[in-house]
Amino acid sequence: MSTTEAPPANGRHSMGQPMKRKEDARFIAGKGRYIDDIVLPNMLYLAIVHSDYPHAKITKIDKDAALKIPGVLAVITADDLAGVGLAWIPTFHGYDKQMVLAVGKVLYQYQEVAAVVATSRAAAADGVEAVVVEYEQLTPVVDPFTAKTDKTLVREDRENKTNHIYHWEVGKRAETDAAIAASDVKINERVYFQRCHPAPLEPCGCVADMNPATGTLTLYMTSQAPHAHRTVVSLVTGIPEDKIHVISPDIGGGFGNKVPVYAGYVCSAVASIVTGHPIKWIETRTENLTTTGFARDYTMDVEIGATKDGKVTALKVTTHADHGAFDAAADPTKYPAGMFGICTGSYDFPVAFTELDAYFTNKAPGGVAYRCSFRVTEASYAIERGMDLLANALGMDPADVRMKNFVRKDQFPYPSPLGFVYDSGDYHTTLQKALDKVGYKELRKEQAEKRARGELMGIGISTFTEVVGAGPSKHFDIMGIKMFDSAEIRIHPTGSGIVRAGTKSQGQGHETTWAQIVAEELGLDPQNLLVEEGDTDTAPYGLGTYASRSTPVAGAALAMAARRVREKARNIAAHVMEAPLDDVEWVDYKFQVKGVPSKTVTMKEIAFAAYTNPGPNEPGLEATYYYDPPNLTFPYGAYIAVVDVDKDTGETKVRRFLAIDDCGTVINPMIVEGQIHGGLTEGFAIAFMQEIAYDAEGNNLQPNFTEYLIPTSLESPHWETDSTCNPSPHHPIGAKGVGESPNVGSPAAFVNAVMDALSPLGIKNIDMPLTRSKVWSAIQEATKA
Amino acid sequence: MFPAAFDYIPARSTDEALSVLAQYGGDARVLAGGQSLIPAMRFRLAKPAVLVDINRIAELATIGEHNGELRLGAGARDQGLELSGQILSGRYPLLADVCAVVADPVVRQMGTVVGSLCHNDPAGDWPVAALAGNASIVVRGKGGERVVPIDEFIVDSYTTAVGDGEMAIEVRFPTPDARTAGAYFKIERKVGDFATAAAAARVTLAQDGTVAKAAIALGAAGPCGFRVAEAERALVGAKPSAAAIAAAADAARKAADPVSDTRGTVAYKKEMAGVLVERALRKAFARLGVEDIR
Amino acid sequence: MKVSLKVNGADYERDVEPRVLLAYFLREDLGLTGTHVGCDTSSCGCCVVLMDGEKAVKSCTMFAVMADGHEITTIEGMKKDGKLHPMQQAFSDQHGLQCGYCTPGMMATAIAFLKHNPDPSEAEIRDALSGNMCRCTGYNNIVKAVQQAAAELSAPAAEPVAAS
Ligand SMILES: Cc1cc2nc3c(=O)[nH]c(=O)nc-3n(C[C@H](O)[C@H](O)[C@H](O)COP(=O)(O)OP(=O)(O)OC[C@H]3O[C@@H](n4cnc5c(N)ncnc54)[C@H](O)[C@@H]3O)c2cc1C
Ligand code: FES
Ligand code: FES
């Protein structure tokens, strides 16, 4: 691995270099500053009392015993919050609201019922144990199919007496139905993308600090979107935005979990306002897994029609979505099912239709974009499983079916039947590269030999297309706030500088890649460009980091802000070199007088001049840019998994996994590769281990890490990666975003591989996670039949 | 999460620990590696009033061979055992198998073998190995000491023969002779997971190559680990053969009485009891040089 | 209750409630916030520290009073003579960390492991780290980092070059 001292491998200044990360210095020394590291004088601790039951009336909350415990200062309930108008807060969707603490009844197991404020962590925990809550149990609604009957209402507070939240559809229903009916070959399979949880290793938390003298509320919080959170806090509390200061410190992983607003934040803020003390709330792992934003929980009926030689004719996906007790999915307003319309994937469907109905159930709310750009993972899973089921029905090789139906390179920009315009790609080349590299033909040969011996080996392909970078303001907003992003660059006299963005890194390495983008545009040393994010008082407004939007949106804003700086610098360069402005060119990372290669001036020199000799120009060297993307970006990839299934135990061993990603221009290949490794591991976890399941009584079965299974180094496969590069034509630097592709694309590759292994037994589908017990049971059933 | 308050007594000797235990009776708990007890306390599932820490008692931290037995003091840790000369010598393959799969590699640096036996989780690894390994446990109280065979030591889920005011001092595993070997197999969903199914086998071959003695034990197949007499009967007197192994495995399938949970269905776990008994037996025989049994 | 212990080479004596876990004692009583907490079940390994130089322990599953008389090394104490420990250097060189939350525990486990097994295979490294979770890196680069550190730690110390 080369370092910054090594000469650039690609002839470029800093773009595309595997520069080591600037943020590492503090993390490897134990000097990161995460939320729980923040300690303020006279700080108090807040801990939360949770519901034992999934659906129950609260008949009594007895605080007395808790208040007698030394150190316990207060017990807050919904009644107390109602006093300050905060018993309910709007969800990010705007059209639903959520309880902060249970109001009258609990709607899911572990729901927040009361909050204890105490002088120490220990006293707060003692207080939680001592609060007595009496319940009258109600029947829980635990899946969307039961919810649909409306026999039991989850949300009696709502005007509409139904569990149905909304219906959403896009595409041409009649044409699609007709095309499928007329097709030679059709598949129709129900696949379930199970409820999961992002579970970053650092749980959520905050320190709320109201300064009674100034009336300023400082909120240190685990926030992937500090500006959005400040605006929401201002809207719900009525505190003016200038009196709210949100600081998102180092974040120990987010993956979408740290986008919504949680009860702990609100209760801490209220407690700080009331007591005048800073209040710290740090989630336990159980609270994290049981109450904060879950992901997925889509039951999808996938129908595909095709001609008998394997050309697809139409796609229809019908989804039942389980949203839990509140509609808290943080999707863009006009996209209640996020970007699910990407479900036509990489294939040229003449016509398509998709519809979705969402329901309330007695489960935790969420529906967050877990390492995914708003429901893209669900959509990709549906289409990539569908294409394999189709290949199976046609008796064709799944690689051939894909090759036959890919959108061709010459079709870009490609308008998809469900309304997106794909920016760029060369799907055939990327899949071919994967097939060659993995040795697809030899693997199929080996598989045939193994099958003859009765051994179960499988090869699974996923050639997904993602849609990321929300988004163009004409379509995308959250609670009305347009989804642009921003950057601000200030170059100091000696040629170093500070770069600020409205995003917030949670491990993605923005301090390094943002500096590289700016350094590339300005010819400055990325080591001397300090990147700062996450402080609403200093960073320009932006909607934050999730849904792979940082590079497509803020990355573009950075490049554009840098170009503004460069243009300013060009004016100063003209003055310094005493040349007409039109004669000053940017060549090889320097300003040069047209046709006079000896007459140059560096950006560093211009920086000094900006403060010492700007001439007729405005002094100083800084710029801000708000970037409203003209379109979304469409990263894609070709993934191949090779597995062996042990018939006797149902155990799957992932022997190989090759990921070829195309995310357009790569800013830092080392970081991109790291993102892919991480995303693949989460995809692996989803395919084989991770699930938040509820039993028939509504009990959460995975409330901690002994049941919610995070793979370790031993279970995780060794990852092979490579890339192709089709830059985004509309992005200033051609980058598309990559952090989520591997998590979006890989689950289907794993499942397709296992189903391929099991196909001689006639097994078509097993829903994730593919546990040993499930796989073994399916084998038993198939061999019995 | 924070445990409830308790009094902490760092015992310096076994006698001191015993007198504290005698004084507090049922209110006191022994604190060994803490890897089961402390998480339970953090969830307030356990709220002992007094903890007697035995980690400082040097005389309990021993691993050694005496009188044809491997003796592990109550302070002996999983990793200490794994790296001990006795295990590295290859003479205790059954125990070596277990050392490598109990909990996770960091937990093993604190967790103790005796603590695991005393905790007696229905899916714990050590109780199964102790059953197949014919272990016995030395239990001592103010009134004196007794040596309790493992099948009497195990009483019920999370319950052992250790009474109030008593503690387990040591576990003793008979040293296998050259004609004896064992093996342990476990299905776990990931490292650090308790067993979905577990089986231990120990066999002794007679001069004529027939099975002279056999011990088969299952874990995660009932309220506690247990030996499967029927499976053992299927083996004793027979030559190692596919048929004998299959008979033993079938007996294990029948004897297993697991519950259905997130790890698997009853049918799956019963079947795995059989699969793992077969795998453990084949491995144990292979360790005695009998391979490719048909 | 009194505890005296050595942490990162310095002696400390503090009065703590017995129920205070070592992780919180290090973080809150000694201000060593490099040790993290990620679960309640002794599962994640974010909290791993070195005890008596060569044992990796989950400090969330140990009471501070149990560390009385022992020597604890946290990530803040890994540097030697102002130089990064080879493990720290290797994690940065190999991009073995992203959010950094698992990193202190991961490195402590790896350092203890290399003391027992200075020249491990990839499979042995993967096994040894399996009591620590990482949600970001997918482990490939963590394995590479441990390999780099192992090579460095077992390389014979550079001989002083004799003047000719
Ligand atoms: C993440 C994780 C994963 C795990 N996975 C597994 C696994 O896969 N398989 C498995 O078998 N175990 C597993 N365990 C449990 C682990 O092996 C424990 O260490 C072990 O069960 C208990 O040993 P201990 O020394 O930590 O005992 P402690 O936790 O200290 O004590 C356990 C119980 O035994 C009592 N006790 C301890 N010693 C004595 C004694 N000498 N006399 C009387 N009573 C005593 C205690 O009072 C307590 O009730 C896991 C633990 C963790 C944290
Ligand atoms: S904090 Fe998770 S193991 Fe210690
Ligand atoms: S780097 Fe984030 S958990 Fe490992």
# chains A, B, ... in the order shown; residues from 1 in each chain; ligands from 1
$ residues_near_ligand --ligand "ligand 3" --cutoff "8 Å" --atoms "only C-alpha atoms and all ligand atoms" --output "list in words"
Pro200, Leu201, Glu202, Gly252, Gly253 and Gly507 of chain A; Gly96, Leu97, Gln98, Cys99, Gly100, Tyr101, Cys102, Thr103, Met133, Cys134, Arg135, Cys136 and Thr137 of chain C
$ closest_atom_pairs --of "chain A" --to "ligand 1" --cutoff "12 Å" --atoms "only C-alpha atoms and all ligand atoms" --output "tab-separated table"
residue	atom	partner	partner_atom_place_in_ligand_line	distance
A:Asn704	CA	ligand 1	1 (C)	11.1
A:Phe705	CA	ligand 1	1 (C)	8.6
A:Thr706	CA	ligand 1	1 (C)	7.1
A:Glu707	CA	ligand 1	1 (C)	10.8
A:Leu709	CA	ligand 1	1 (C)	11.4
A:Ile710	CA	ligand 1	1 (C)	12.0
$ residues_around --residues "Ile187 (chain A)" --least-positions-apart "4" --cutoff "10 Å" --atoms "only C-alpha atoms" --output "PyMOL selection string"
chain A and resi 180+301-306+315+386-387+389-394
$ write_last_selection --atoms "C-alpha atoms" --output "short mmCIF file (atom, residue, chain, number, x, y, z; two decimals), in the first residue's frame"
data_model
loop_
_atom_site.label_atom_id
_atom_site.label_comp_id
_atom_site.auth_asym_id
_atom_site.auth_seq_id
_atom_site.Cartn_x
_atom_site.Cartn_y
_atom_site.Cartn_z
CA ILE A 180 -46.91 -11.12 -17.68
CA ASP A 301 -44.26 -10.85 -4.20
CA VAL A 302 -42.05 -10.86 -7.26
CA GLU A 303 -43.51 -11.62 -10.67
CA ILE A 304 -41.46 -11.68 -13.84
CA GLY A 305 -42.53 -12.62 -17.35
CA ALA A 306 -40.14 -13.70 -20.10
CA LEU A 315 -41.84 -7.04 -13.78
CA GLY A 386 -36.25 -12.85 -9.18
CA MET A 387 -33.69 -13.09 -11.98
CA LEU A 389 -35.78 -17.77 -10.10
CA LEU A 390 -36.38 -16.87 -13.72
CA ALA A 391 -33.12 -18.50 -14.84
CA ASN A 392 -34.19 -21.58 -12.94
CA ALA A 393 -37.62 -21.61 -14.59
CA LEU A 394 -36.03 -21.16 -18.01
#
$ closest_atom_pairs --of "chain B" --to "ligand 2" --cutoff "10 Å" --atoms "only C-alpha atoms and all ligand atoms" --output "tab-separated table"
residue	atom	partner	partner_atom_place_in_ligand_line	distance
B:Pro39	CA	ligand 2	3 (S)	9.7
B:Val106	CA	ligand 2	3 (S)	9.1
B:Val107	CA	ligand 2	3 (S)	8.8
$ write_last_selection --atoms "N, CA, C and O atoms" --output "PDB file, in the first residue's frame"
ATOM      1  N   PRO B  39     -22.392 -10.586  33.636  1.00  0.00           N
ATOM      2  CA  PRO B  39     -23.484 -10.178  32.738  1.00  0.00           C
ATOM      3  C   PRO B  39     -24.864 -10.367  33.378  1.00  0.00           C
ATOM      4  O   PRO B  39     -25.748  -9.505  33.237  1.00  0.00           O
ATOM      5  N   VAL B 106     -11.403 -14.263  24.125  1.00  0.00           N
ATOM      6  CA  VAL B 106     -11.140 -13.307  25.203  1.00  0.00           C
ATOM      7  C   VAL B 106     -11.837 -13.754  26.490  1.00  0.00           C
ATOM      8  O   VAL B 106     -11.238 -13.739  27.567  1.00  0.00           O
ATOM      9  N   VAL B 107     -13.074 -14.189  26.350  1.00  0.00           N
ATOM     10  CA  VAL B 107     -13.796 -14.698  27.519  1.00  0.00           C
ATOM     11  C   VAL B 107     -13.017 -15.857  28.146  1.00  0.00           C
ATOM     12  O   VAL B 107     -12.946 -15.988  29.375  1.00  0.00           O
TER      13      VAL B 107
END
$ interface_residues --of "chain B" --to "chain C" --cutoff "10 Å" --atoms "only C-alpha atoms" --output "PyMOL selection string"
chain B and resi 1-10+31+33-43+51+53-56+79+83+100+103-110+190-193
$ write_last_selection --atoms "N, CA and C atoms" --output "CSV table (one decimal), in the first residue's frame"
chain,number,residue,atom,x,y,z
B,1,MET,N,-25.3,-1.4,31.4
B,1,MET,CA,-26.2,-1.4,32.6
B,1,MET,C,-25.4,-1.7,33.8
B,2,PHE,N,-26.0,-1.3,34.9
B,2,PHE,CA,-25.3,-1.3,36.2
B,2,PHE,C,-25.8,-2.4,37.1
B,3,PRO,N,-25.0,-3.2,37.7
B,3,PRO,CA,-25.5,-4.2,38.6
B,3,PRO,C,-26.0,-3.5,39.9
B,4,ALA,N,-26.8,-4.2,40.6
B,4,ALA,CA,-27.2,-3.8,42.0
B,4,ALA,C,-26.0,-3.8,42.9
B,5,ALA,N,-26.1,-3.0,44.0
B,5,ALA,CA,-25.0,-2.9,44.9
B,5,ALA,C,-24.8,-4.3,45.6
B,6,PHE,N,-23.6,-4.5,46.0
B,6,PHE,CA,-23.2,-5.8,46.8
B,6,PHE,C,-22.0,-5.5,47.6
B,7,ASP,N,-21.7,-6.4,48.5
B,7,ASP,CA,-20.5,-6.3,49.3
B,7,ASP,C,-19.5,-7.3,48.6
B,8,TYR,N,-18.2,-6.8,48.6
B,8,TYR,CA,-17.2,-7.6,47.8
B,8,TYR,C,-16.1,-8.0,48.8
B,9,ILE,N,-15.9,-9.3,48.8
B,9,ILE,CA,-14.9,-9.9,49.7
B,9,ILE,C,-13.8,-10.6,48.9
B,10,PRO,N,-12.6,-10.0,48.8
B,10,PRO,CA,-11.5,-10.7,48.0
B,10,PRO,C,-10.9,-11.7,48.9
B,31,LEU,N,-17.4,-15.6,43.2
B,31,LEU,CA,-17.1,-14.9,41.9
B,31,LEU,C,-15.8,-15.6,41.4
B,33,GLY,N,-14.4,-16.5,37.2
B,33,GLY,CA,-14.1,-15.6,36.1
B,33,GLY,C,-15.1,-14.5,35.9
B,34,GLY,N,-16.3,-14.7,36.4
B,34,GLY,CA,-17.3,-13.6,36.3
B,34,GLY,C,-18.0,-13.6,34.9
B,35,GLN,N,-17.6,-14.4,34.0
B,35,GLN,CA,-18.1,-14.3,32.6
B,35,GLN,C,-19.6,-14.7,32.5
B,36,SER,N,-20.1,-15.4,33.4
B,36,SER,CA,-21.5,-15.7,33.4
B,36,SER,C,-22.2,-14.8,34.5
B,37,LEU,N,-21.5,-14.7,35.6
B,37,LEU,CA,-22.2,-14.0,36.8
B,37,LEU,C,-22.3,-12.5,36.5
B,38,ILE,N,-21.3,-11.9,36.0
B,38,ILE,CA,-21.3,-10.4,35.9
B,38,ILE,C,-22.3,-10.0,34.8
B,39,PRO,N,-22.4,-10.6,33.6
B,39,PRO,CA,-23.5,-10.2,32.7
B,39,PRO,C,-24.9,-10.4,33.4
B,40,ALA,N,-25.0,-11.5,34.1
B,40,ALA,CA,-26.3,-11.7,34.8
B,40,ALA,C,-26.6,-10.6,35.8
B,41,MET,N,-25.6,-10.1,36.4
B,41,MET,CA,-25.7,-9.0,37.4
B,41,MET,C,-26.0,-7.7,36.7
B,42,ARG,N,-25.4,-7.5,35.5
B,42,ARG,CA,-25.7,-6.3,34.8
B,42,ARG,C,-27.1,-6.2,34.4
B,43,PHE,N,-27.7,-7.3,34.1
B,43,PHE,CA,-29.2,-7.3,33.7
B,43,PHE,C,-30.0,-7.4,35.0
B,51,LEU,N,-20.3,-10.9,47.3
B,51,LEU,CA,-19.5,-11.7,46.3
B,51,LEU,C,-18.2,-12.1,46.9
B,53,ASP,N,-14.7,-13.2,46.0
B,53,ASP,CA,-13.9,-13.3,44.9
B,53,ASP,C,-12.8,-14.3,45.2
B,54,ILE,N,-12.7,-15.4,44.3
B,54,ILE,CA,-11.7,-16.4,44.6
B,54,ILE,C,-10.5,-16.3,43.6
B,55,ASN,N,-10.5,-15.2,42.9
B,55,ASN,CA,-9.4,-15.1,41.9
B,55,ASN,C,-8.0,-14.9,42.4
B,56,ARG,N,-8.0,-14.5,43.7
B,56,ARG,CA,-6.7,-14.2,44.3
B,56,ARG,C,-6.1,-15.4,45.1
B,79,GLN,N,-8.3,-20.6,29.1
B,79,GLN,CA,-7.1,-20.4,28.2
B,79,GLN,C,-5.8,-21.0,28.9
B,83,LEU,N,-3.4,-23.7,27.0
B,83,LEU,CA,-2.0,-23.5,26.8
B,83,LEU,C,-1.1,-24.3,27.7
B,100,ALA,N,-11.1,-25.1,22.9
B,100,ALA,CA,-11.0,-24.2,21.7
B,100,ALA,C,-12.4,-23.7,21.3
B,103,ALA,N,-17.1,-20.4,24.7
B,103,ALA,CA,-17.2,-19.0,24.6
B,103,ALA,C,-16.4,-18.4,23.5
B,104,ASP,N,-15.6,-17.3,23.8
B,104,ASP,CA,-14.8,-16.8,22.8
B,104,ASP,C,-13.4,-16.6,23.3
B,105,PRO,N,-12.4,-16.3,22.5
B,105,PRO,CA,-11.0,-16.4,23.0
B,105,PRO,C,-10.7,-15.3,24.1
B,106,VAL,N,-11.4,-14.3,24.1
B,106,VAL,CA,-11.1,-13.3,25.2
B,106,VAL,C,-11.8,-13.8,26.5
B,107,VAL,N,-13.1,-14.2,26.3
B,107,VAL,CA,-13.8,-14.7,27.5
B,107,VAL,C,-13.0,-15.9,28.1
B,108,ARG,N,-12.4,-16.7,27.3
B,108,ARG,CA,-11.6,-17.8,27.8
B,108,ARG,C,-10.4,-17.4,28.7
B,109,GLN,N,-10.0,-16.2,28.6
B,109,GLN,CA,-8.8,-15.7,29.3
B,109,GLN,C,-9.3,-15.4,30.8
B,110,MET,N,-10.6,-15.3,31.0
B,110,MET,CA,-11.0,-15.1,32.4
B,110,MET,C,-11.9,-16.3,32.9
B,190,LYS,N,-22.3,-18.8,15.9
B,190,LYS,CA,-21.1,-18.0,15.7
B,190,LYS,C,-20.3,-18.2,16.9
B,191,VAL,N,-19.0,-17.7,16.9
B,191,VAL,CA,-18.2,-17.8,18.0
B,191,VAL,C,-18.8,-17.0,19.2
B,192,GLY,N,-18.8,-17.6,20.4
B,192,GLY,CA,-19.3,-17.0,21.6
B,192,GLY,C,-20.8,-17.3,21.8
B,193,ASP,N,-21.3,-18.2,20.9
B,193,ASP,CA,-22.7,-18.6,21.1
B,193,ASP,C,-22.7,-19.9,21.9
$ closest_residue --among "B:Ala132, B:Ala76, B:Val236, B:Val266" --to "chain A" --atoms "only C-alpha atoms"
B:Val266
$ closest_atom_pairs --of "chain A" --to "chain C" --cutoff "6 Å" --atoms "only C-alpha atoms" --output "CSV"
residue,atom,partner,partner_atom,distance
A:Phe27,CA,C:Gly100,CA,5.5
A:Ile28,CA,C:Gln88,CA,5.6
A:Ala29,CA,C:Glu76,CA,5.9
A:Gly30,CA,C:Gly34,CA,3.9
A:Asp37,CA,C:Thr33,CA,5.8
A:Leu201,CA,C:Gly38,CA,5.4
A:Glu202,CA,C:Gly38,CA,5.5
A:Gly252,CA,C:Tyr101,CA,5.0
A:Gly253,CA,C:Cys99,CA,5.6
A:Arg285,CA,C:Cys39,CA,5.0
A:Gln506,CA,C:Cys99,CA,5.6
A:Gly507,CA,C:Cys99,CA,3.6
A:Gly674,CA,C:Thr137,CA,5.9
A:His677,CA,C:Gly138,CA,4.8
A:Gly678,CA,C:Gly138,CA,4.2
A:Thr681,CA,C:Gly138,CA,5.1
A:Thr712,CA,C:Ser130,CA,5.2
A:Ser713,CA,C:Arg126,CA,5.0
A:Leu714,CA,C:Arg126,CA,5.1
$ write_last_selection --atoms "all heavy atoms" --output "tab-separated table (two decimals), in the first residue's frame"
chain	number	residue	atom	x	y	z
A	27	PHE	N	-7.67	7.97	16.53
A	27	PHE	CA	-8.36	6.72	16.89
A	27	PHE	C	-7.39	5.63	17.36
A	27	PHE	O	-7.69	4.88	18.29
A	27	PHE	CB	-9.17	6.19	15.69
A	27	PHE	CG	-10.35	7.06	15.34
A	27	PHE	CD1	-10.70	7.27	14.01
A	27	PHE	CD2	-11.11	7.67	16.33
A	27	PHE	CE1	-11.78	8.08	13.68
A	27	PHE	CE2	-12.20	8.47	16.01
A	27	PHE	CZ	-12.53	8.68	14.67
A	28	ILE	N	-6.23	5.54	16.75
A	28	ILE	CA	-5.31	4.47	17.19
A	28	ILE	C	-4.63	4.83	18.51
A	28	ILE	O	-4.01	3.98	19.13
A	28	ILE	CB	-4.23	4.14	16.13
A	28	ILE	CG1	-3.44	5.38	15.74
A	28	ILE	CG2	-4.84	3.46	14.91
A	28	ILE	CD1	-2.24	5.08	14.88
A	29	ALA	N	-4.76	6.09	18.91
A	29	ALA	CA	-4.16	6.47	20.19
A	29	ALA	C	-5.19	6.51	21.31
A	29	ALA	O	-4.87	6.86	22.44
A	29	ALA	CB	-3.50	7.84	20.04
A	30	GLY	N	-6.43	6.16	21.00
A	30	GLY	CA	-7.48	6.22	22.03
A	30	GLY	C	-7.90	7.64	22.32
A	30	GLY	O	-8.43	7.94	23.38
A	37	ASP	N	-17.70	9.97	25.86
A	37	ASP	CA	-16.45	10.54	26.38
A	37	ASP	C	-16.66	11.96	26.87
A	37	ASP	O	-15.77	12.57	27.47
A	37	ASP	CB	-15.37	10.54	25.29
A	37	ASP	CG	-15.11	9.15	24.73
A	37	ASP	OD1	-15.55	8.17	25.36
A	37	ASP	OD2	-14.49	9.05	23.65
A	201	LEU	N	-21.44	-0.40	16.54
A	201	LEU	CA	-20.90	-0.85	17.84
A	201	LEU	C	-21.05	0.21	18.93
A	201	LEU	O	-21.15	-0.12	20.10
A	201	LEU	CB	-19.44	-1.29	17.71
A	201	LEU	CG	-19.27	-2.70	17.16
A	201	LEU	CD1	-17.87	-3.21	17.41
A	201	LEU	CD2	-20.28	-3.68	17.74
A	202	GLU	N	-21.05	1.47	18.54
A	202	GLU	CA	-21.35	2.49	19.54
A	202	GLU	C	-22.86	2.70	19.56
A	202	GLU	O	-23.44	3.05	18.54
A	202	GLU	CB	-20.67	3.82	19.19
A	202	GLU	CG	-21.01	4.91	20.16
A	202	GLU	CD	-20.84	6.32	19.57
A	202	GLU	OE1	-21.17	6.54	18.38
A	202	GLU	OE2	-20.39	7.21	20.30
A	252	GLY	N	-19.26	6.20	16.44
A	252	GLY	CA	-18.78	4.82	16.34
A	252	GLY	C	-19.66	3.96	15.46
A	252	GLY	O	-20.18	2.94	15.87
A	253	GLY	N	-19.81	4.41	14.22
A	253	GLY	CA	-20.66	3.68	13.27
A	253	GLY	C	-22.09	4.18	13.33
A	253	GLY	O	-22.59	4.54	14.41
A	285	ARG	N	-27.12	-1.66	24.92
A	285	ARG	CA	-27.25	-2.43	23.68
A	285	ARG	C	-28.69	-2.92	23.51
A	285	ARG	O	-29.23	-2.92	22.41
A	285	ARG	CB	-26.26	-3.60	23.69
A	285	ARG	CG	-26.36	-4.50	22.47
A	285	ARG	CD	-26.23	-3.72	21.16
A	285	ARG	NE	-24.98	-2.99	21.09
A	285	ARG	CZ	-24.70	-2.10	20.13
A	285	ARG	NH1	-25.56	-1.85	19.16
A	285	ARG	NH2	-23.56	-1.46	20.15
A	506	GLN	N	-19.00	8.74	9.85
A	506	GLN	CA	-19.16	7.79	10.98
A	506	GLN	C	-18.18	6.66	10.81
A	506	GLN	O	-18.43	5.54	11.20
A	506	GLN	CB	-20.58	7.24	11.01
A	506	GLN	CG	-21.66	8.28	10.90
A	506	GLN	CD	-22.63	7.99	9.78
A	506	GLN	OE1	-23.00	6.83	9.58
A	506	GLN	NE2	-23.05	8.99	9.04
A	507	GLY	N	-17.07	6.97	10.14
A	507	GLY	CA	-16.08	5.94	9.85
A	507	GLY	C	-15.71	5.91	8.38
A	507	GLY	O	-14.80	5.21	7.97
A	674	GLY	N	-12.14	-0.57	1.71
A	674	GLY	CA	-12.55	-0.79	3.10
A	674	GLY	C	-14.06	-0.72	3.25
A	674	GLY	O	-14.67	-1.51	3.97
A	677	HIS	N	-15.46	-4.00	1.88
A	677	HIS	CA	-15.30	-5.10	2.83
A	677	HIS	C	-16.36	-5.03	3.94
A	677	HIS	O	-16.96	-6.04	4.30
A	677	HIS	CB	-13.93	-5.02	3.53
A	677	HIS	CG	-12.77	-5.32	2.62
A	677	HIS	ND1	-11.47	-4.98	2.96
A	677	HIS	CD2	-12.69	-5.94	1.43
A	677	HIS	CE1	-10.65	-5.36	1.99
A	677	HIS	NE2	-11.37	-5.96	1.06
A	678	GLY	N	-16.53	-3.84	4.46
A	678	GLY	CA	-17.48	-3.68	5.57
A	678	GLY	C	-18.91	-3.96	5.14
A	678	GLY	O	-19.66	-4.65	5.83
A	681	THR	N	-19.60	-7.60	4.62
A	681	THR	CA	-19.73	-8.33	5.88
A	681	THR	C	-21.12	-8.14	6.47
A	681	THR	O	-21.71	-9.08	7.01
A	681	THR	CB	-18.63	-7.88	6.86
A	681	THR	OG1	-17.37	-8.03	6.21
A	681	THR	CG2	-18.65	-8.71	8.13
A	712	THR	N	-18.05	-12.38	13.40
A	712	THR	CA	-16.69	-12.02	13.79
A	712	THR	C	-15.75	-12.38	12.65
A	712	THR	O	-16.18	-12.86	11.60
A	712	THR	CB	-16.26	-12.79	15.06
A	712	THR	OG1	-16.06	-14.16	14.70
A	712	THR	CG2	-17.30	-12.70	16.15
A	713	SER	N	-14.48	-12.18	12.91
A	713	SER	CA	-13.46	-12.48	11.91
A	713	SER	C	-13.50	-13.96	11.50
A	713	SER	O	-13.09	-14.30	10.40
A	713	SER	CB	-12.08	-12.15	12.47
A	713	SER	OG	-11.94	-12.68	13.77
A	714	LEU	N	-14.00	-14.80	12.38
A	714	LEU	CA	-13.98	-16.22	12.07
A	714	LEU	C	-15.10	-16.62	11.10
A	714	LEU	O	-14.88	-17.43	10.20
A	714	LEU	CB	-14.10	-17.04	13.35
A	714	LEU	CG	-13.55	-18.45	13.21
A	714	LEU	CD1	-12.04	-18.40	13.07
A	714	LEU	CD2	-13.93	-19.30	14.40
